[in-house]
$ cat my_file_32.cif   # mmCIF, C-alpha atoms
data_run
#
loop_
_atom_site.label_atom_id
_atom_site.label_comp_id
_atom_site.auth_asym_id
_atom_site.auth_seq_id
_atom_site.Cartn_x
_atom_site.Cartn_y
_atom_site.Cartn_z
CA MET Q 296 0.00 0.00 0.00
CA ARG Q 297 1.15 3.52 -0.84
CA ILE Q 298 0.00 6.14 1.70
CA VAL Q 299 0.10 9.93 1.68
CA SER Q 300 -0.53 11.68 5.00
CA LEU Q 301 -1.50 15.35 4.94
CA LEU Q 302 -1.88 15.43 8.72
CA PRO Q 303 1.00 15.40 11.26
CA SER Q 304 -0.97 13.36 13.80
CA ALA Q 305 -1.87 10.75 11.16
CA THR Q 306 1.79 10.55 10.16
CA GLU Q 307 2.67 9.80 13.79
CA ILE Q 308 -0.01 7.10 13.91
CA LEU Q 309 1.23 5.50 10.69
CA PHE Q 310 4.81 5.35 11.94
CA ALA Q 311 3.64 3.96 15.28
CA LEU Q 312 1.89 1.18 13.36
CA GLY Q 313 5.10 0.28 11.54
CA LEU Q 314 4.19 1.78 8.16
CA ASP Q 315 7.45 3.62 7.48
CA ARG Q 316 7.97 2.06 4.04
CA GLU Q 317 4.33 2.51 2.99
CA ILE Q 318 4.34 6.29 3.59
CA VAL Q 319 5.24 7.91 0.27
CA GLY Q 320 4.26 11.54 0.94
CA VAL Q 321 3.57 13.93 3.81
CA SER Q 322 2.73 17.57 4.56
CA HIS Q 323 5.26 20.28 5.34
CA GLU Q 324 4.30 20.02 9.04
CA CYS Q 325 4.94 16.28 9.40
CA ASP Q 326 8.09 16.27 11.53
CA PHE Q 327 7.70 13.32 13.94
CA PRO Q 328 9.27 10.89 14.10
CA PRO Q 329 12.35 12.49 12.48
CA ARG Q 330 12.15 9.98 9.60
CA ALA Q 331 8.96 11.74 8.49
CA ARG Q 332 11.12 14.62 7.26
CA THR Q 333 12.73 12.29 4.70
CA LYS Q 334 9.43 11.79 2.86
CA PRO Q 335 8.37 13.86 -0.18
CA VAL Q 336 6.30 16.91 0.78
CA VAL Q 337 3.09 17.29 -1.22
CA ILE Q 338 1.43 20.21 0.52
CA HIS Q 339 2.65 23.63 1.65
CA SER Q 340 1.23 26.48 3.73
CA ARG Q 341 0.54 29.83 2.07
CA LEU Q 342 1.34 31.61 5.34
CA PRO Q 343 4.81 33.23 5.50
CA HIS Q 344 7.38 31.20 7.39
CA ASP Q 345 8.12 32.58 10.89
CA ALA Q 346 5.47 35.31 10.66
CA PRO Q 347 4.70 36.95 14.05
CA PRO Q 348 1.67 35.44 15.88
CA ALA Q 349 -0.50 38.55 15.43
CA GLU Q 350 0.29 38.56 11.69
CA ILE Q 351 -0.62 34.88 11.43
CA ASP Q 352 -3.96 35.60 13.10
CA ARG Q 353 -4.63 38.49 10.70
CA LEU Q 354 -3.72 36.49 7.58
CA VAL Q 355 -5.80 33.50 8.66
CA SER Q 356 -8.80 35.77 9.17
CA GLU Q 357 -8.32 37.28 5.71
CA TYR Q 358 -8.03 33.88 4.00
CA VAL Q 359 -11.12 32.59 5.79
CA HIS Q 360 -13.07 35.76 4.98
CA ARG Q 361 -12.22 35.40 1.27
CA GLY Q 362 -13.07 31.70 1.33
CA GLU Q 363 -9.53 30.77 0.28
CA SER Q 364 -7.47 27.83 1.45
CA LEU Q 365 -4.36 28.25 3.59
CA TYR Q 366 -2.71 25.36 1.76
CA ALA Q 367 -1.34 24.63 -1.70
CA VAL Q 368 -1.35 21.04 -2.91
CA ASP Q 369 1.43 19.99 -5.30
CA ALA Q 370 -0.96 18.16 -7.62
CA GLU Q 371 1.78 16.96 -9.96
CA MET Q 372 3.81 15.51 -7.09
CA LEU Q 373 0.74 13.90 -5.54
CA GLU Q 374 -0.21 12.28 -8.84
CA SER Q 375 3.33 10.97 -9.39
CA LEU Q 376 3.27 9.26 -5.98
CA ALA Q 377 0.17 7.25 -7.03
CA PRO Q 378 -1.16 6.77 -3.49
CA ASP Q 379 -3.72 4.10 -2.64
CA LEU Q 380 -4.74 6.00 0.50
CA ILE Q 381 -4.66 9.70 1.43
CA ILE Q 382 -5.28 10.73 5.05
CA THR Q 383 -6.46 14.26 5.78
CA GLN Q 384 -8.72 16.01 8.31
CA ASP Q 385 -11.79 18.18 8.64
CA LEU Q 386 -11.17 19.53 12.14
CA CYS Q 387 -9.08 22.70 11.86
CA HIS Q 388 -8.64 24.43 8.52
CA VAL Q 389 -5.86 26.53 10.05
CA CYS Q 390 -3.64 23.70 11.29
CA ALA Q 391 -3.77 21.19 8.43
CA ALA Q 392 -5.11 20.48 4.97
CA SER Q 393 -8.78 19.62 4.53
CA PRO Q 394 -10.68 17.63 1.86
CA ASP Q 395 -11.39 20.91 0.05
CA ASP Q 396 -7.65 21.41 -0.45
CA LEU Q 397 -7.49 18.07 -2.25
CA GLY Q 398 -10.43 18.54 -4.59
CA ALA Q 399 -8.72 19.95 -7.66
CA ALA Q 400 -5.66 17.70 -7.30
CA LEU Q 401 -7.76 14.52 -7.22
CA THR Q 402 -9.42 15.36 -10.54
CA ARG Q 403 -6.10 14.54 -12.22
CA PHE Q 404 -6.19 10.89 -11.11
CA GLU Q 405 -7.39 8.18 -13.49
CA ARG Q 406 -7.78 5.86 -10.50
CA ARG Q 407 -8.96 7.90 -7.53
CA PRO Q 408 -7.29 6.90 -4.22
CA GLU Q 409 -9.20 6.23 -1.01
CA VAL Q 410 -9.44 9.31 1.23
CA LEU Q 411 -9.71 8.92 5.00
CA CYS Q 412 -10.86 12.11 6.71
CA LEU Q 413 -10.30 12.40 10.48
CA ASN Q 414 -12.32 14.76 12.68
CA PRO Q 415 -11.57 14.05 16.38
CA GLN Q 416 -13.41 16.11 18.98
CA ASP Q 417 -12.22 14.45 22.20
CA LEU Q 418 -9.83 11.77 23.44
CA GLY Q 419 -12.24 8.96 22.60
CA ASP Q 420 -12.30 10.16 19.01
CA VAL Q 421 -8.49 10.30 18.92
CA TRP Q 422 -8.21 6.69 20.11
CA ARG Q 423 -10.95 5.70 17.61
CA ASP Q 424 -9.00 7.36 14.79
CA ILE Q 425 -5.99 5.18 15.60
CA LEU Q 426 -8.23 2.16 14.99
CA LEU Q 427 -9.58 3.71 11.76
CA VAL Q 428 -6.08 4.35 10.42
CA GLY Q 429 -5.11 0.81 11.41
CA GLU Q 430 -8.12 -0.64 9.61
CA GLU Q 431 -7.61 1.38 6.42
CA SER Q 432 -3.89 0.56 6.32
CA CYS Q 433 -4.28 -3.15 7.11
CA ARG Q 434 -2.68 -2.74 10.54
CA GLY Q 435 -5.70 -3.40 12.74
CA LEU Q 436 -3.89 -5.65 15.22
CA GLN Q 437 -1.06 -3.15 15.62
CA ALA Q 438 -3.58 -0.37 16.25
CA GLU Q 439 -5.29 -2.40 18.96
CA ALA Q 440 -1.91 -3.13 20.58
CA LEU Q 441 -1.04 0.59 20.54
CA LEU Q 442 -4.32 1.45 22.26
CA GLU Q 443 -3.70 -1.24 24.87
CA LYS Q 444 -0.38 0.42 25.73
CA ILE Q 445 -2.06 3.82 25.98
CA GLY Q 446 -4.75 2.34 28.23
CA ALA Q 447 -2.11 0.75 30.46
CA ARG Q 448 -0.36 4.10 30.89
CA LEU Q 449 -3.66 5.76 31.80
CA GLY Q 450 -4.24 2.99 34.35
CA VAL Q 451 -0.86 3.61 35.96
CA LEU Q 452 -1.70 7.30 36.29
CA GLU Q 453 -5.12 6.58 37.77
CA GLN Q 454 -3.58 4.39 40.47
CA GLN Q 455 -1.25 7.22 41.51
CA MET Q 456 -3.83 10.02 41.53
CA PRO Q 457 -4.35 11.54 45.00
CA GLN Q 458 -7.85 11.23 46.42
CA SER Q 459 -8.11 14.95 47.12
CA VAL Q 460 -11.37 16.83 46.58
CA ASP Q 461 -9.48 20.02 45.79
CA ARG Q 462 -9.15 20.40 42.04
CA PRO Q 463 -6.82 23.19 40.87
CA ARG Q 464 -8.32 25.73 38.48
CA VAL Q 465 -6.41 25.77 35.20
CA ALA Q 466 -6.33 28.14 32.22
CA PHE Q 467 -4.84 26.70 29.02
CA LEU Q 468 -3.85 29.36 26.47
CA GLU Q 469 -3.55 28.00 22.92
CA TRP Q 470 -2.60 31.36 21.39
CA LEU Q 471 -1.31 34.65 22.81
CA HIS Q 472 -1.77 37.24 20.03
CA PRO Q 473 -4.75 37.41 20.52
CA PHE Q 474 -5.60 35.11 23.42
CA TYR Q 475 -7.28 31.78 22.59
CA VAL Q 476 -8.08 28.97 25.02
CA GLY Q 477 -7.64 25.30 24.17
CA GLY Q 478 -10.65 23.16 23.29
CA HIS Q 479 -11.62 19.73 21.94
CA TRP Q 480 -9.59 17.14 23.92
CA VAL Q 481 -7.50 19.60 26.01
CA PRO Q 482 -10.09 20.29 28.75
CA GLU Q 483 -10.63 16.52 28.98
CA MET Q 484 -6.89 15.94 29.47
CA ILE Q 485 -6.93 18.49 32.28
CA HIS Q 486 -9.98 16.88 33.90
CA LEU Q 487 -8.46 13.38 33.70
CA VAL Q 488 -5.64 14.36 36.04
CA GLY Q 489 -7.70 16.05 38.72
CA ALA Q 490 -8.02 19.67 37.64
CA VAL Q 491 -10.67 22.00 36.19
CA ASP Q 492 -10.32 23.95 32.94
CA VAL Q 493 -11.86 27.31 33.86
CA LEU Q 494 -12.23 28.57 30.28
CA GLY Q 495 -12.04 25.75 27.71
CA LYS Q 496 -14.87 23.36 26.86
CA ILE Q 497 -14.62 19.69 25.88
CA ARG Q 498 -15.56 18.90 22.25
CA THR Q 499 -15.61 22.62 21.44
CA PRO Q 500 -13.07 24.37 19.17
CA SER Q 501 -10.62 26.76 20.74
CA PHE Q 502 -12.03 30.27 20.96
CA ARG Q 503 -10.86 33.81 21.52
CA VAL Q 504 -11.03 35.39 24.99
CA ARG Q 505 -10.18 38.79 26.40
CA LEU Q 506 -7.35 39.34 28.83
CA GLN Q 507 -10.02 40.38 31.32
CA ASP Q 508 -11.72 36.97 30.94
CA ILE Q 509 -8.51 35.21 31.95
CA VAL Q 510 -7.91 37.50 34.91
CA GLU Q 511 -11.48 37.16 36.17
CA ALA Q 512 -11.31 33.35 35.92
CA GLU Q 513 -8.60 33.44 38.64
CA PRO Q 514 -6.74 30.29 37.58
CA ASP Q 515 -4.47 28.58 40.09
CA ILE Q 516 -2.32 27.31 37.23
CA LEU Q 517 -1.66 29.02 33.90
CA LEU Q 518 -0.51 26.90 30.94
CA ILE Q 519 1.10 28.62 27.95
CA ALA Q 520 0.78 26.35 24.91
CA PRO Q 521 0.46 28.15 21.56
CA CYS Q 522 -0.54 25.65 18.88
CA GLY Q 523 2.53 24.22 17.14
CA TYR Q 524 5.06 25.71 19.58
CA SER Q 525 7.82 24.14 21.63
CA ALA Q 526 7.98 24.94 25.36
CA GLN Q 527 10.98 27.23 24.89
CA ARG Q 528 9.32 29.20 22.11
CA ALA Q 529 6.10 29.45 24.16
CA ARG Q 530 8.07 30.70 27.16
CA ASP Q 531 9.93 33.30 25.11
CA GLU Q 532 6.75 34.62 23.54
CA TYR Q 533 4.97 34.87 26.89
CA LEU Q 534 7.89 36.76 28.43
CA SER Q 535 7.88 39.22 25.54
CA ILE Q 536 4.30 40.36 26.23
CA ASP Q 537 3.68 43.59 28.13
CA LEU Q 538 0.93 42.59 30.57
CA PRO Q 539 -1.02 44.87 32.96
CA ASP Q 540 -0.86 44.78 36.75
CA PRO Q 541 -4.11 42.76 37.19
CA TRP Q 542 -2.46 39.90 35.31
CA TYR Q 543 0.22 39.62 37.99
CA ALA Q 544 -2.44 39.56 40.70
CA MET Q 545 -3.90 36.28 39.38
CA PRO Q 546 -3.27 33.35 41.79
CA ALA Q 547 -1.31 31.41 39.15
CA VAL Q 548 1.09 34.27 38.44
CA ARG Q 549 1.30 35.47 42.03
CA ASN Q 550 2.19 31.97 43.25
CA GLY Q 551 4.65 31.16 40.46
CA ARG Q 552 2.49 28.50 38.79
CA VAL Q 553 2.87 29.51 35.14
CA TYR Q 554 4.25 26.89 32.75
CA ALA Q 555 5.13 26.69 29.08
CA LEU Q 556 4.22 23.38 27.40
CA GLU Q 557 5.54 21.34 24.50
CA ALA Q 558 2.28 21.97 22.68
CA ASN Q 559 3.42 20.82 19.24
CA SER Q 560 4.36 17.38 20.54
CA TYR Q 561 1.88 16.54 23.29
CA PHE Q 562 -1.21 18.77 23.14
CA SER Q 563 -1.93 20.27 19.70
CA ARG Q 564 -1.81 17.06 17.68
CA PRO Q 565 -4.55 14.44 18.17
CA GLY Q 566 -2.26 11.42 18.04
CA PRO Q 567 -0.60 8.78 20.24
CA ARG Q 568 1.60 11.28 22.11
CA LEU Q 569 -1.41 12.90 23.78
CA ILE Q 570 -0.92 10.25 26.48
CA THR Q 571 2.48 11.82 27.23
CA GLY Q 572 0.71 15.17 27.52
CA VAL Q 573 -1.72 13.68 30.04
CA GLU Q 574 1.24 12.31 32.03
CA ALA Q 575 2.96 15.72 31.90
CA LEU Q 576 -0.14 17.44 33.28
CA ALA Q 577 -0.41 14.84 36.03
CA LYS Q 578 3.17 15.50 37.08
CA LEU Q 579 2.68 19.26 36.89
CA PHE Q 580 -0.48 19.23 39.02
CA HIS Q 581 0.67 16.46 41.39
CA PRO Q 582 4.49 16.48 41.67
CA ALA Q 583 4.61 13.22 43.67
CA ILE Q 584 3.31 11.24 40.70
CA GLU Q 585 5.96 9.25 38.82
CA VAL Q 586 6.04 9.61 35.04
CA SER Q 587 8.56 9.12 32.25
CA GLY Q 588 11.44 11.50 31.68
CA GLU Q 589 9.81 12.50 28.39
CA ALA Q 590 6.67 13.61 30.23
CA GLU Q 591 8.68 15.49 32.87
CA ALA Q 592 10.47 17.40 30.11
CA ALA Q 593 7.20 18.47 28.46
CA PHE Q 594 6.75 21.60 30.56
CA LEU Q 595 8.94 24.53 31.53
CA PRO Q 596 8.29 26.79 34.55
CA ILE Q 597 8.01 30.52 33.83
CA THR Q 598 9.10 32.49 36.86
CA VAL Q 599 8.99 36.16 37.74
CA SER Q 600 12.80 36.15 37.81
CA ALA Q 601 12.82 34.73 34.27
CA ARG Q 602 10.66 37.65 33.17
CA ALA Q 603 12.93 40.16 34.85
CA ALA Q 604 15.93 38.62 33.14
CA SER Q 605 14.24 38.91 29.75
CA ILE Q 606 13.63 42.65 30.06
#

$ encode --input "my_file_32.cif" --output "structure tokens"
Amino acid sequence: MRIVSLLPSATEILFALGLDREIVGVSHECDFPPRARTKPVVIHSRLPHDAPPAEIDRLVSEYVHRGESLYAVDAEMLESLAPDLIITQDLCHVCAASPDDLGAALTRFERRPEVLCLNPQDLGDVWRDILLVGEESCRGLQAEALLEKIGARLGVLEQQMPQSVDRPRVAFLEWLHPFYVGGHWVPEMIHLVGAVDVLGKIRTPSFRVRLQDIVEAEPDILLIAPCGYSAQRARDEYLSIDLPDPWYAMPAVRNGRVYALEANSYFSRPGPRLITGVEALAKLFHPAIEVSGEAEAAFLPITVSARAASI
């Protein structure tokens, strides 16, 4: 089977199912595992590389308003790869290619490939999509085994969770210019490890909020996780923002409980590594819990002293 993945999370699933040789094309954002970067790229973003966050938000709004796609499909390349299966998504037209982006390219094919469109809204949907990809790629048993491992890791976490009735109040910021809060599976991840998302809603897309909304929510813990960012980049961007005095009066900021997350790896992408994100949150909220070194490295504290040093 020849497979083209236009979705970073699907690429991760395919590699996890042992389909390295079957993957013949990927998107420009498919970067994990590192071997994904060796595959031919068949789709590119029309957004400028390394544009500032506020500029990205403005350009996205303009493209959406005009009804134009953010992505350009290399139709000639795609046709030359002769895929049997193309995996795309219909969840976020900002983060990855959608079926609409494929339409014109597929008209060139004499034999139209199968198209699997993923649209996860919560963790259950993410785990279901692993089974769907396994079924479509003839790796059903491997998909079931992968889910068993994920379930076992969730079980280990559950056994370690403290039986406290106090659930910390958490704000998860998915974008900073302007502010957006995380949605879909993110509030569920937070709930799983004994906390409350004070702004986000399960199975609901991320949405824009005002700075005042965040301040008035009075989170105990503030998570900085711009979509697609590493923890270091998220930390740097947060420290570069000029924030008003009420921000520093929030419990999370006042008590030094602000953290940058490895959003691109463990939170933004609905794939197998979301379990590592859940483990990272568990460790962050309950430091006595034991998790892998990978999960412990998924967050970076942002302290007042760090801000002072950045000025």

$ residues_around --input "my_file_32.cif" --residues "region 501-506 of chain Q" --least-positions-apart "6" --cutoff "8 Å" --atoms "all atoms listed in the file" --output "list in words"
Glu469, Pro473, Phe474, Tyr475, Val476, Gly477, Gly478, His479 and Gly495 of chain Q

$ residues_around --input "my_file_32.cif" --residues "Leu442 (chain Q)" --least-positions-apart "5" --cutoff "12 Å" --atoms "all atoms listed in the file" --output "compact mmCIF listing (two decimals) with C-alpha atoms, in the coordinates of the input"
# COMPACT_ATOMS: atom_id res chain seq x y z
CA ILE Q 308 -0.01 7.10 13.91
CA ALA Q 311 3.64 3.96 15.28
CA LEU Q 312 1.89 1.18 13.36
CA LEU Q 418 -9.83 11.77 23.44
CA GLY Q 419 -12.24 8.96 22.60
CA VAL Q 421 -8.49 10.30 18.92
CA TRP Q 422 -8.21 6.69 20.11
CA ARG Q 423 -10.95 5.70 17.61
CA ASP Q 424 -9.00 7.36 14.79
CA ILE Q 425 -5.99 5.18 15.60
CA LEU Q 426 -8.23 2.16 14.99
CA LEU Q 427 -9.58 3.71 11.76
CA GLY Q 429 -5.11 0.81 11.41
CA GLY Q 435 -5.70 -3.40 12.74
CA LEU Q 436 -3.89 -5.65 15.22
CA GLN Q 437 -1.06 -3.15 15.62
CA ALA Q 447 -2.11 0.75 30.46
CA ARG Q 448 -0.36 4.10 30.89
CA LEU Q 449 -3.66 5.76 31.80
CA GLY Q 566 -2.26 11.42 18.04
CA PRO Q 567 -0.60 8.78 20.24
CA ARG Q 568 1.60 11.28 22.11
CA LEU Q 569 -1.41 12.90 23.78
CA ILE Q 570 -0.92 10.25 26.48

$ closest_residue --input "my_file_32.cif" --among "Q:Arg353, Q:Arg297, Q:Arg332, Q:Arg361" --to "Leu380 (chain Q)" --atoms "only C-alpha atoms"
Q:Arg297

$ resolve_selection --input "my_file_32.cif" --expression "the PyMOL selection byres ((chain Q and resi 571) around 12)" --output "PyMOL selection string"
chain Q and resi 444-446+448-449+452+484+556-558+560-562+564-570+572-578+586-594

$ atom_distance --input "my_file_32.cif" --atom1 "CA of Asp420 (chain Q)" --atom2 "CA of Trp480 (chain Q)"
9.0 Å

$ closest_residue --input "my_file_32.cif" --among "Q:Ser563, Q:Thr499, Q:Ser340, Q:Ser300" --to "Val368 (chain Q)" --atoms "all atoms listed in the file"
Q:Ser340

$ atom_distance --input "my_file_32.cif" --atom1 "CA of Asp531 (chain Q)" --atom2 "CA of Val553 (chain Q)"
12.8 Å

$ atom_distance --input "my_file_32.cif" --atom1 "CA of Ala349 (chain Q)" --atom2 "CA of Ser364 (chain Q)"
18.9 Å

$ residues_around --input "my_file_32.cif" --residues "region 317-323 of chain Q" --least-positions-apart "3" --cutoff "7 Å" --atoms "all atoms listed in the file" --output "VMD selection string"
chain Q and resid 296 to 302 314 334 to 339 376

$ resolve_selection --input "my_file_32.cif" --expression "the PyMOL selection byres ((chain Q and resi 542) around 12)" --output "list in words"
Arg505, Leu506, Gln507, Asp508, Ile509, Val510, Glu511, Ala512, Glu513, Pro514, Leu517, Ile536, Asp537, Leu538, Pro539, Asp540, Pro541, Tyr543, Ala544, Met545, Pro546, Ala547, Val548, Arg549 and Val553 of chain Q

$ closest_residue --input "my_file_32.cif" --among "Q:Glu483, Q:Asp379, Q:Glu350, Q:Glu453" --to "Glu431 (chain Q)" --atoms "all atoms listed in the file"
Q:Asp379

$ resolve_selection --input "my_file_32.cif" --expression "the PyMOL selection byres ((chain Q and resi 407) around 10)" --output "list in words"
Glu374, Ala377, Pro378, Asp379, Leu380, Leu401, Thr402, Arg403, Phe404, Glu405, Arg406, Pro408, Glu409 and Val410 of chain Q

$ closest_residue --input "my_file_32.cif" --among "Q:Cys325, Q:Ala305, Q:Ala490, Q:Ala526" --to "Leu413 (chain Q)" --atoms "all atoms listed in the file"
Q:Ala305

$ closest_residue --input "my_file_32.cif" --among "Q:Leu309, Q:Val465, Q:Ala367, Q:Val491" --to "Pro328 (chain Q)" --atoms "only C-alpha atoms"
Q:Leu309

$ closest_residue --input "my_file_32.cif" --among "Q:His472, Q:Arg464, Q:Arg530, Q:Arg330" --to "Pro347 (chain Q)" --atoms "all atoms listed in the file"
Q:His472

$ axis_aligned_box --input "my_file_32.cif" --around "region 588-597 of chain Q" --padding-each-side "5 Å" --output "AutoDock Vina command-line options"
--center_x 9.1 --center_y 21.0 --center_z 31.5 --size_x 14.8 --size_y 29.0 --size_z 16.2

$ build_atoms --input "my_file_32.cif" --residues "region 309-339 of chain Q" --atoms "N, CA and C atoms" --output "PDB file, keeping the file's coordinate frame"
ATOM      1  N   LEU Q 309       0.729   6.446  11.699  1.00  0.00           N
ATOM      2  CA  LEU Q 309       1.230   5.500  10.690  1.00  0.00           C
ATOM      3  C   LEU Q 309       2.591   4.954  11.069  1.00  0.00           C
ATOM      4  N   PHE Q 310       3.483   5.823  11.519  1.00  0.00           N
ATOM      5  CA  PHE Q 310       4.810   5.350  11.940  1.00  0.00           C
ATOM      6  C   PHE Q 310       4.690   4.434  13.153  1.00  0.00           C
ATOM      7  N   ALA Q 311       3.808   4.790  14.088  1.00  0.00           N
ATOM      8  CA  ALA Q 311       3.640   3.960  15.280  1.00  0.00           C
ATOM      9  C   ALA Q 311       3.100   2.580  14.938  1.00  0.00           C
ATOM     10  N   LEU Q 312       2.415   2.469  13.805  1.00  0.00           N
ATOM     11  CA  LEU Q 312       1.890   1.180  13.360  1.00  0.00           C
ATOM     12  C   LEU Q 312       2.861   0.432  12.460  1.00  0.00           C
ATOM     13  N   GLY Q 313       4.077   0.970  12.310  1.00  0.00           N
ATOM     14  CA  GLY Q 313       5.100   0.280  11.540  1.00  0.00           C
ATOM     15  C   GLY Q 313       4.992   0.443  10.035  1.00  0.00           C
ATOM     16  N   LEU Q 314       4.427   1.578   9.590  1.00  0.00           N
ATOM     17  CA  LEU Q 314       4.190   1.780   8.160  1.00  0.00           C
ATOM     18  C   LEU Q 314       5.195   2.732   7.517  1.00  0.00           C
ATOM     19  N   ASP Q 315       6.403   2.743   8.009  1.00  0.00           N
ATOM     20  CA  ASP Q 315       7.450   3.620   7.480  1.00  0.00           C
ATOM     21  C   ASP Q 315       7.576   3.487   5.966  1.00  0.00           C
ATOM     22  N   ARG Q 316       7.720   2.284   5.459  1.00  0.00           N
ATOM     23  CA  ARG Q 316       7.970   2.060   4.040  1.00  0.00           C
ATOM     24  C   ARG Q 316       6.750   2.386   3.180  1.00  0.00           C
ATOM     25  N   GLU Q 317       5.548   2.264   3.764  1.00  0.00           N
ATOM     26  CA  GLU Q 317       4.330   2.510   2.990  1.00  0.00           C
ATOM     27  C   GLU Q 317       4.033   3.998   2.831  1.00  0.00           C
ATOM     28  N   ILE Q 318       4.589   4.847   3.686  1.00  0.00           N
ATOM     29  CA  ILE Q 318       4.340   6.290   3.590  1.00  0.00           C
ATOM     30  C   ILE Q 318       5.188   6.852   2.460  1.00  0.00           C
ATOM     31  N   VAL Q 319       4.517   7.405   1.440  1.00  0.00           N
ATOM     32  CA  VAL Q 319       5.240   7.910   0.270  1.00  0.00           C
ATOM     33  C   VAL Q 319       5.180   9.429   0.158  1.00  0.00           C
ATOM     34  N   GLY Q 320       4.352  10.082   0.974  1.00  0.00           N
ATOM     35  CA  GLY Q 320       4.260  11.540   0.940  1.00  0.00           C
ATOM     36  C   GLY Q 320       3.645  12.079   2.210  1.00  0.00           C
ATOM     37  N   VAL Q 321       4.050  13.308   2.584  1.00  0.00           N
ATOM     38  CA  VAL Q 321       3.570  13.930   3.810  1.00  0.00           C
ATOM     39  C   VAL Q 321       3.338  15.425   3.580  1.00  0.00           C
ATOM     40  N   SER Q 322       2.875  16.111   4.627  1.00  0.00           N
ATOM     41  CA  SER Q 322       2.730  17.570   4.560  1.00  0.00           C
ATOM     42  C   SER Q 322       4.003  18.227   5.069  1.00  0.00           C
ATOM     43  N   HIS Q 323       4.093  19.529   4.880  1.00  0.00           N
ATOM     44  CA  HIS Q 323       5.260  20.280   5.340  1.00  0.00           C
ATOM     45  C   HIS Q 323       5.380  20.289   6.858  1.00  0.00           C
ATOM     46  N   GLU Q 324       4.283  19.986   7.581  1.00  0.00           N
ATOM     47  CA  GLU Q 324       4.300  20.020   9.040  1.00  0.00           C
ATOM     48  C   GLU Q 324       4.580  18.663   9.666  1.00  0.00           C
ATOM     49  N   CYS Q 325       4.701  17.624   8.863  1.00  0.00           N
ATOM     50  CA  CYS Q 325       4.940  16.280   9.400  1.00  0.00           C
ATOM     51  C   CYS Q 325       6.416  16.143   9.775  1.00  0.00           C
ATOM     52  N   ASP Q 326       6.704  16.241  11.071  1.00  0.00           N
ATOM     53  CA  ASP Q 326       8.090  16.270  11.530  1.00  0.00           C
ATOM     54  C   ASP Q 326       8.404  15.244  12.609  1.00  0.00           C
ATOM     55  N   PHE Q 327       7.446  14.350  12.928  1.00  0.00           N
ATOM     56  CA  PHE Q 327       7.700  13.320  13.940  1.00  0.00           C
ATOM     57  C   PHE Q 327       7.079  12.016  13.474  1.00  0.00           C
ATOM     58  N   PRO Q 328       7.868  10.909  13.660  1.00  0.00           N
ATOM     59  CA  PRO Q 328       9.270  10.890  14.100  1.00  0.00           C
ATOM     60  C   PRO Q 328      10.175  11.547  13.058  1.00  0.00           C
ATOM     61  N   PRO Q 329      11.453  11.779  13.406  1.00  0.00           N
ATOM     62  CA  PRO Q 329      12.350  12.490  12.480  1.00  0.00           C
ATOM     63  C   PRO Q 329      12.372  11.909  11.066  1.00  0.00           C
ATOM     64  N   ARG Q 330      12.143  10.598  10.934  1.00  0.00           N
ATOM     65  CA  ARG Q 330      12.150   9.980   9.600  1.00  0.00           C
ATOM     66  C   ARG Q 330      11.061  10.547   8.705  1.00  0.00           C
ATOM     67  N   ALA Q 331      10.032  11.160   9.306  1.00  0.00           N
ATOM     68  CA  ALA Q 331       8.960  11.740   8.490  1.00  0.00           C
ATOM     69  C   ALA Q 331       9.495  12.852   7.595  1.00  0.00           C
ATOM     70  N   ARG Q 332      10.549  13.522   8.029  1.00  0.00           N
ATOM     71  CA  ARG Q 332      11.120  14.620   7.260  1.00  0.00           C
ATOM     72  C   ARG Q 332      11.824  14.126   5.988  1.00  0.00           C
ATOM     73  N   THR Q 333      12.064  12.834   5.891  1.00  0.00           N
ATOM     74  CA  THR Q 333      12.730  12.290   4.700  1.00  0.00           C
ATOM     75  C   THR Q 333      11.741  11.993   3.575  1.00  0.00           C
ATOM     76  N   LYS Q 334      10.456  12.117   3.851  1.00  0.00           N
ATOM     77  CA  LYS Q 334       9.430  11.790   2.860  1.00  0.00           C
ATOM     78  C   LYS Q 334       9.136  12.985   1.958  1.00  0.00           C
ATOM     79  N   PRO Q 335       8.730  12.755   0.713  1.00  0.00           N
ATOM     80  CA  PRO Q 335       8.370  13.860  -0.180  1.00  0.00           C
ATOM     81  C   PRO Q 335       7.216  14.680   0.388  1.00  0.00           C
ATOM     82  N   VAL Q 336       7.326  15.996   0.267  1.00  0.00           N
ATOM     83  CA  VAL Q 336       6.300  16.910   0.780  1.00  0.00           C
ATOM     84  C   VAL Q 336       5.355  17.282  -0.364  1.00  0.00           C
ATOM     85  N   VAL Q 337       4.057  17.068  -0.150  1.00  0.00           N
ATOM     86  CA  VAL Q 337       3.090  17.290  -1.220  1.00  0.00           C
ATOM     87  C   VAL Q 337       2.138  18.438  -0.928  1.00  0.00           C
ATOM     88  N   ILE Q 338       2.307  19.091   0.196  1.00  0.00           N
ATOM     89  CA  ILE Q 338       1.430  20.210   0.520  1.00  0.00           C
ATOM     90  C   ILE Q 338       2.198  21.260   1.302  1.00  0.00           C
ATOM     91  N   HIS Q 339       1.931  22.530   1.011  1.00  0.00           N
ATOM     92  CA  HIS Q 339       2.650  23.630   1.650  1.00  0.00           C
ATOM     93  C   HIS Q 339       1.648  24.667   2.151  1.00  0.00           C
TER      94      HIS Q 339
END
